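First the structure, in the form of structure tokens, and then the observations on it.
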Amino acid sequence: MRPFNLIAACSENRVIGRDGRLPWRIAEDRDFFMQKTAGQVVVMGRICYEAWSSAGEDGRRPVVVTSHAFPPPIRVAGSLTAALELAAGLPGEIFICGGQRIFEEAIAMPGAARLYLTVVHAVVSGDRTFPEWTDIFTREVARRESSGDGARYTFLTLER
Ligand SMILES: NC(=O)c1ccc[n+]([C@@H]2O[C@H](COP(=O)([O-])OP(=O)(O)OC[C@H]3O[C@@H](n4cnc5c(N)ncnc54)[C@H](OP(=O)(O)O)[C@@H]3O)[C@@H](O)[C@H]2O)c1
């Protein structure tokens with residue numbers, strides 16, 4: 001299996017989503033996500049894909065994990081393992097973009113090499129969470145503090 005990245009933003013209490021959306025609007029984090037994933041393979045669950053209709057723009061190659069069918073050029077896979085096998089044959093780095101179950105499965109795989117995590121310094125309510133990562137991604141390779149849109153947040157780059 002080719003090594004892959006996870007990319008996510010979570011609150012201090014590891015919330016990533018609420019009612020099918022992000023619990024915040026942070027332009028700098030959105031820009032970071034868009035810039036990191038441009039030109040790359042983005043693997044995500046069906047709900048994420050349906051909320052991000054422009055996933056295939058800027059040279060991204062989306063792979064959607066779903067039991068549903070989607071018209072080409074969207075690539076679909078019935079499991080995360082199948083999605084990663086498909087992704088391995090495509091050019092570009094592989095980014096796992098969520099949601100919850102996809103992150104939970106991906107983080108436990110040995111191919112999960114790097115985590116780009118934006119920690120939003122707030123405790124927020126939500127219905128989707130990011131898995132506990134500190135025992136898995138133990139090496140911090142970059143950290144940048146920032147703020148905007150009424151929030152303080154830290155961009156972390158972590159490796160196994
Ligand atoms: N903050 C962040 O970084 C971040 C990132 C991503 C998402 N989010 C938030 O998370 C929420 C969306 O994520 P979600 O967890 O609800 O849904 P999701 O993972 O995007 O989509 C769930 C669907 O994907 C398919 N699926 C997911 N995992 C699968 C697996 N292991 N095997 C087979 N199929 C699988 C199933 O599709 P079918 O029903 O079609 O079979 C499932 O119903 C939103 O609130 C979004 O804003 C936040």
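Here, A, B, ... name the chains of the structure tokens in the order displayed, residue numbers run from 1 inside each chain, and ligands are numbered from 1 in the same displayed order.
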Inset, instruction - Would you list the contacts of Ile74 (chain A) as a VMD selection string, taking every protein, DNA or RNA residue within 12 Å and counting only C-alpha atoms, but skipping same-chain residues closer than 4 positions in sequence? - result: chain A and resid 41 to 44 46 49 to 50 53 to 57 60 to 66 68 to 70 83 86
Output the selection as a PDB file, in the first residue's frame - N, CA and C atoms for each residue.
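Printed below is result18.pdb as written:
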ATOM      1  N   VAL A  41      -4.710  13.248  -4.972  1.00  0.00           N
ATOM      2  CA  VAL A  41      -5.824  12.302  -4.877  1.00  0.00           C
ATOM      3  C   VAL A  41      -6.514  12.529  -3.523  1.00  0.00           C
ATOM      4  N   VAL A  42      -7.810  12.789  -3.558  1.00  0.00           N
ATOM      5  CA  VAL A  42      -8.538  13.038  -2.311  1.00  0.00           C
ATOM      6  C   VAL A  42      -9.560  11.910  -2.095  1.00  0.00           C
ATOM      7  N   VAL A  43      -9.398  11.210  -0.983  1.00  0.00           N
ATOM      8  CA  VAL A  43     -10.264  10.068  -0.658  1.00  0.00           C
ATOM      9  C   VAL A  43     -11.231  10.514   0.429  1.00  0.00           C
ATOM     10  N   MET A  44     -12.518  10.280   0.208  1.00  0.00           N
ATOM     11  CA  MET A  44     -13.499  10.757   1.196  1.00  0.00           C
ATOM     12  C   MET A  44     -14.767   9.913   1.152  1.00  0.00           C
ATOM     13  N   ARG A  46     -18.967   9.425   1.211  1.00  0.00           N
ATOM     14  CA  ARG A  46     -19.994   9.987   0.318  1.00  0.00           C
ATOM     15  C   ARG A  46     -20.545  11.327   0.806  1.00  0.00           C
ATOM     16  N   TYR A  49     -18.238  14.068   0.055  1.00  0.00           N
ATOM     17  CA  TYR A  49     -18.215  14.372  -1.382  1.00  0.00           C
ATOM     18  C   TYR A  49     -19.449  15.170  -1.794  1.00  0.00           C
ATOM     19  N   GLU A  50     -20.603  14.772  -1.278  1.00  0.00           N
ATOM     20  CA  GLU A  50     -21.838  15.480  -1.661  1.00  0.00           C
ATOM     21  C   GLU A  50     -21.823  16.933  -1.174  1.00  0.00           C
ATOM     22  N   SER A  53     -18.951  19.658  -3.881  1.00  0.00           N
ATOM     23  CA  SER A  53     -19.218  19.311  -5.278  1.00  0.00           C
ATOM     24  C   SER A  53     -18.056  19.681  -6.204  1.00  0.00           C
ATOM     25  N   SER A  54     -17.198  20.598  -5.753  1.00  0.00           N
ATOM     26  CA  SER A  54     -16.068  21.013  -6.595  1.00  0.00           C
ATOM     27  C   SER A  54     -14.793  20.232  -6.266  1.00  0.00           C
ATOM     28  N   ALA A  55     -14.939  19.069  -5.634  1.00  0.00           N
ATOM     29  CA  ALA A  55     -13.750  18.295  -5.222  1.00  0.00           C
ATOM     30  C   ALA A  55     -12.827  17.968  -6.387  1.00  0.00           C
ATOM     31  N   GLY A  56     -13.392  17.858  -7.584  1.00  0.00           N
ATOM     32  CA  GLY A  56     -12.577  17.493  -8.744  1.00  0.00           C
ATOM     33  C   GLY A  56     -11.885  18.672  -9.411  1.00  0.00           C
ATOM     34  N   GLU A  57     -12.041  19.868  -8.830  1.00  0.00           N
ATOM     35  CA  GLU A  57     -11.380  21.041  -9.441  1.00  0.00           C
ATOM     36  C   GLU A  57      -9.920  21.128  -9.008  1.00  0.00           C
ATOM     37  N   ARG A  60      -7.614  17.991  -8.650  1.00  0.00           N
ATOM     38  CA  ARG A  60      -7.798  16.913  -7.655  1.00  0.00           C
ATOM     39  C   ARG A  60      -8.461  15.711  -8.319  1.00  0.00           C
ATOM     40  N   ARG A  61      -8.086  14.536  -7.836  1.00  0.00           N
ATOM     41  CA  ARG A  61      -8.712  13.304  -8.306  1.00  0.00           C
ATOM     42  C   ARG A  61      -9.471  12.688  -7.126  1.00  0.00           C
ATOM     43  N   PRO A  62     -10.787  12.899  -7.054  1.00  0.00           N
ATOM     44  CA  PRO A  62     -11.550  12.367  -5.917  1.00  0.00           C
ATOM     45  C   PRO A  62     -11.803  10.860  -6.045  1.00  0.00           C
ATOM     46  N   VAL A  63     -11.677  10.175  -4.939  1.00  0.00           N
ATOM     47  CA  VAL A  63     -12.101   8.772  -4.828  1.00  0.00           C
ATOM     48  C   VAL A  63     -13.115   8.746  -3.685  1.00  0.00           C
ATOM     49  N   VAL A  64     -14.355   8.352  -3.999  1.00  0.00           N
ATOM     50  CA  VAL A  64     -15.445   8.416  -3.025  1.00  0.00           C
ATOM     51  C   VAL A  64     -15.731   7.008  -2.502  1.00  0.00           C
ATOM     52  N   VAL A  65     -15.717   6.881  -1.187  1.00  0.00           N
ATOM     53  CA  VAL A  65     -16.052   5.599  -0.558  1.00  0.00           C
ATOM     54  C   VAL A  65     -17.558   5.577  -0.345  1.00  0.00           C
ATOM     55  N   THR A  66     -18.220   4.626  -0.989  1.00  0.00           N
ATOM     56  CA  THR A  66     -19.690   4.607  -0.966  1.00  0.00           C
ATOM     57  C   THR A  66     -20.208   3.273  -1.506  1.00  0.00           C
ATOM     58  N   HIS A  68     -23.011   3.630  -3.159  1.00  0.00           N
ATOM     59  CA  HIS A  68     -23.798   4.203  -4.251  1.00  0.00           C
ATOM     60  C   HIS A  68     -22.951   4.314  -5.527  1.00  0.00           C
ATOM     61  N   ALA A  69     -23.620   4.582  -6.636  1.00  0.00           N
ATOM     62  CA  ALA A  69     -22.910   4.793  -7.911  1.00  0.00           C
ATOM     63  C   ALA A  69     -22.826   6.299  -8.179  1.00  0.00           C
ATOM     64  N   PHE A  70     -21.730   6.722  -8.761  1.00  0.00           N
ATOM     65  CA  PHE A  70     -21.578   8.114  -9.193  1.00  0.00           C
ATOM     66  C   PHE A  70     -21.109   8.107 -10.632  1.00  0.00           C
ATOM     67  N   ALA A  83     -10.551   1.851  -1.896  1.00  0.00           N
ATOM     68  CA  ALA A  83     -10.275   3.226  -2.323  1.00  0.00           C
ATOM     69  C   ALA A  83      -8.763   3.481  -2.360  1.00  0.00           C
ATOM     70  N   LEU A  86      -7.235   1.779  -5.353  1.00  0.00           N
ATOM     71  CA  LEU A  86      -7.524   2.583  -6.558  1.00  0.00           C
ATOM     72  C   LEU A  86      -6.624   3.827  -6.571  1.00  0.00           C
TER      73      LEU A  86
END
Legend entry - Per-residue DSSP, chain A, filtered to helix (DSSP H, G or I), as a PyMOL selection string: chain A and resi 27-37+46-51+80-88+100-107
Legend entry - Exercise answer, 6 Å around ligand 1 with only C-alpha atoms and all ligand atoms, as a list in words: Ala8, Ala9, Cys10, Ile16, Gly17, Arg18, Asp19, Gly20, Arg21, Leu22, Met44, Gly45, Arg46, Ile47, Cys48, Val65, Thr66, Ser67, His68, Gly78, Ser79, Leu80, Cys97, Gly98, Gly99, Gln100, Arg101, Ile102 and Arg128 of chain A
Go ahead and write the residues just picked, N, CA and C atoms, as a compact mmCIF listing (two decimals), in the first residue's frame.
# COMPACT_ATOMS: atom_id res chain seq x y z
N ALA A 8 -7.18 17.10 8.36
CA ALA A 8 -8.40 17.35 9.13
C ALA A 8 -8.23 18.61 9.96
N ALA A 9 -9.38 19.11 10.43
CA ALA A 9 -9.39 20.19 11.43
C ALA A 9 -10.31 19.74 12.54
N CYS A 10 -9.84 19.84 13.78
CA CYS A 10 -10.70 19.44 14.90
C CYS A 10 -10.57 20.43 16.05
N ILE A 16 -15.20 17.35 14.60
CA ILE A 16 -14.90 17.75 13.21
C ILE A 16 -16.14 18.23 12.45
N GLY A 17 -17.33 17.84 12.92
CA GLY A 17 -18.52 18.19 12.15
C GLY A 17 -19.76 18.29 13.00
N ARG A 18 -20.72 19.00 12.44
CA ARG A 18 -22.03 19.14 13.11
C ARG A 18 -23.10 19.31 12.03
N ASP A 19 -24.13 18.49 12.11
CA ASP A 19 -25.25 18.59 11.16
C ASP A 19 -24.79 18.58 9.70
N GLY A 20 -23.80 17.75 9.41
CA GLY A 20 -23.34 17.60 8.03
C GLY A 20 -22.42 18.70 7.53
N ARG A 21 -22.01 19.57 8.44
CA ARG A 21 -21.15 20.68 8.02
C ARG A 21 -20.00 20.84 9.00
N LEU A 22 -19.06 21.71 8.65
CA LEU A 22 -18.02 22.07 9.60
C LEU A 22 -18.63 22.96 10.67
N MET A 44 -12.52 10.28 0.21
CA MET A 44 -13.50 10.76 1.20
C MET A 44 -14.77 9.91 1.15
N GLY A 45 -15.54 10.01 2.23
CA GLY A 45 -16.84 9.36 2.29
C GLY A 45 -17.85 10.10 1.44
N ARG A 46 -18.97 9.43 1.21
CA ARG A 46 -19.99 9.99 0.32
C ARG A 46 -20.54 11.33 0.81
N ILE A 47 -20.77 11.45 2.10
CA ILE A 47 -21.38 12.70 2.60
C ILE A 47 -20.42 13.87 2.39
N CYS A 48 -19.14 13.64 2.64
CA CYS A 48 -18.15 14.69 2.37
C CYS A 48 -18.18 15.07 0.90
N VAL A 65 -15.72 6.88 -1.19
CA VAL A 65 -16.05 5.60 -0.56
C VAL A 65 -17.56 5.58 -0.34
N THR A 66 -18.22 4.63 -0.99
CA THR A 66 -19.69 4.61 -0.97
C THR A 66 -20.21 3.27 -1.51
N SER A 67 -21.45 2.98 -1.16
CA SER A 67 -22.12 1.83 -1.78
C SER A 67 -22.99 2.31 -2.94
N HIS A 68 -23.01 3.63 -3.16
CA HIS A 68 -23.80 4.20 -4.25
C HIS A 68 -22.95 4.31 -5.53
N GLY A 78 -15.96 0.63 -2.67
CA GLY A 78 -16.90 0.14 -1.67
C GLY A 78 -16.33 0.05 -0.27
N SER A 79 -15.04 0.30 -0.15
CA SER A 79 -14.39 0.27 1.17
C SER A 79 -13.18 1.19 1.13
N LEU A 80 -12.66 1.51 2.30
CA LEU A 80 -11.46 2.36 2.34
C LEU A 80 -10.27 1.63 1.71
N CYS A 97 -9.59 12.60 3.49
CA CYS A 97 -10.26 13.85 3.86
C CYS A 97 -11.48 13.64 4.76
N GLY A 98 -11.72 12.42 5.26
CA GLY A 98 -12.83 12.20 6.17
C GLY A 98 -14.02 11.57 5.46
N GLY A 99 -15.14 11.44 6.18
CA GLY A 99 -15.43 11.85 7.53
C GLY A 99 -14.97 10.90 8.63
N GLN A 100 -15.82 10.79 9.64
CA GLN A 100 -15.41 10.16 10.90
C GLN A 100 -14.92 8.72 10.72
N ARG A 101 -15.75 7.88 10.08
CA ARG A 101 -15.39 6.45 9.99
C ARG A 101 -14.15 6.27 9.10
N ILE A 102 -14.06 7.08 8.06
CA ILE A 102 -12.90 7.01 7.17
C ILE A 102 -11.63 7.36 7.95
N ARG A 128 -19.65 14.61 14.89
CA ARG A 128 -18.59 13.82 14.25
C ARG A 128 -17.26 14.19 14.90
Inset, instruction - Identify, on the basis of only C-alpha atoms, every residue whose closest approach to region 12-15 of chain A does not exceed 8 Å; exclude the query and any residue fewer than 2 positions from it along the same chain; express the result as a ChimeraX atom specification. - result: /A:10,17,119-132
Could you take the residues named above and write them with N, CA and C atoms, as an mmCIF file, in the first residue's frame?
data_model
loop_
_atom_site.group_PDB
_atom_site.id
_atom_site.type_symbol
_atom_site.label_atom_id
_atom_site.label_comp_id
_atom_site.auth_asym_id
_atom_site.auth_seq_id
_atom_site.Cartn_x
_atom_site.Cartn_y
_atom_site.Cartn_z
ATOM 1 N N CYS A 10 -9.844 19.842 13.777
ATOM 2 C CA CYS A 10 -10.703 19.441 14.899
ATOM 3 C C CYS A 10 -10.565 20.425 16.046
ATOM 4 N N GLY A 17 -17.326 17.845 12.923
ATOM 5 C CA GLY A 17 -18.515 18.192 12.148
ATOM 6 C C GLY A 17 -19.764 18.294 13.000
ATOM 7 N N VAL A 119 -5.751 22.260 14.755
ATOM 8 C CA VAL A 119 -6.466 22.182 16.032
ATOM 9 C C VAL A 119 -7.069 23.554 16.306
ATOM 10 N N VAL A 120 -8.388 23.583 16.366
ATOM 11 C CA VAL A 120 -9.107 24.828 16.646
ATOM 12 C C VAL A 120 -9.239 24.925 18.162
ATOM 13 N N HIS A 121 -8.716 26.021 18.719
ATOM 14 C CA HIS A 121 -8.645 26.110 20.184
ATOM 15 C C HIS A 121 -9.964 26.572 20.778
ATOM 16 N N ALA A 122 -10.897 25.632 20.788
ATOM 17 C CA ALA A 122 -12.217 25.858 21.370
ATOM 18 C C ALA A 122 -12.814 24.493 21.654
ATOM 19 N N VAL A 123 -13.742 24.464 22.589
ATOM 20 C CA VAL A 123 -14.529 23.251 22.826
ATOM 21 C C VAL A 123 -15.867 23.493 22.156
ATOM 22 N N VAL A 124 -16.190 22.670 21.157
ATOM 23 C CA VAL A 124 -17.424 22.908 20.405
ATOM 24 C C VAL A 124 -18.299 21.657 20.445
ATOM 25 N N SER A 125 -19.580 21.851 20.258
ATOM 26 C CA SER A 125 -20.480 20.702 20.197
ATOM 27 C C SER A 125 -20.550 20.218 18.756
ATOM 28 N N GLY A 126 -20.765 18.924 18.599
ATOM 29 C CA GLY A 126 -20.833 18.378 17.248
ATOM 30 C C GLY A 126 -21.211 16.917 17.285
ATOM 31 N N ASP A 127 -21.362 16.322 16.108
ATOM 32 C CA ASP A 127 -21.789 14.923 16.025
ATOM 33 C C ASP A 127 -20.785 14.049 15.269
ATOM 34 N N ARG A 128 -19.646 14.614 14.889
ATOM 35 C CA ARG A 128 -18.588 13.819 14.254
ATOM 36 C C ARG A 128 -17.261 14.194 14.897
ATOM 37 N N THR A 129 -16.440 13.181 15.142
ATOM 38 C CA THR A 129 -15.172 13.451 15.828
ATOM 39 C C THR A 129 -13.988 12.828 15.076
ATOM 40 N N PHE A 130 -12.823 13.339 15.388
ATOM 41 C CA PHE A 130 -11.577 12.789 14.869
ATOM 42 C C PHE A 130 -11.045 11.812 15.915
ATOM 43 N N PRO A 131 -10.448 10.694 15.490
ATOM 44 C CA PRO A 131 -9.963 9.732 16.480
ATOM 45 C C PRO A 131 -8.777 10.283 17.281
ATOM 46 N N GLU A 132 -8.561 9.692 18.426
ATOM 47 C CA GLU A 132 -7.395 10.019 19.258
ATOM 48 C C GLU A 132 -6.143 9.733 18.432
#
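The space between CA of Glu93 (chain A) and CA of Gln35 (chain A) spans 12.8 Å.
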Inset, instruction - Can you check which residues of region 90-158 of chain A DSSP gives as strand (DSSP E) on the backbone and send them as an NGL selection string? - result: :A and (94-96 or 112-120 or 128-129 or 139-148 or 151-158)
Inset, instruction - Kindly indicate which residue among A:Ala113, A:Ala142, A:Ile96, A:Met1 lies nearest to Glu159 (chain A), using only C-alpha atoms for the distances. - result: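 The closest residue to Glu159 (chain A) is A:Ala113.
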Legend entry - Among the residues A:Thr154, A:Gln40, A:Asn5, A:Thr134, the one that comes closest to Phe103 (chain A) [using only C-alpha atoms]: A:Asn5
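Among the candidate residues A:Asp135, A:Ile7, A:Phe95, A:Ala106, the one lying nearest to Asp29 (chain A) is A:Ile7, with distances computed using only C-alpha atoms.
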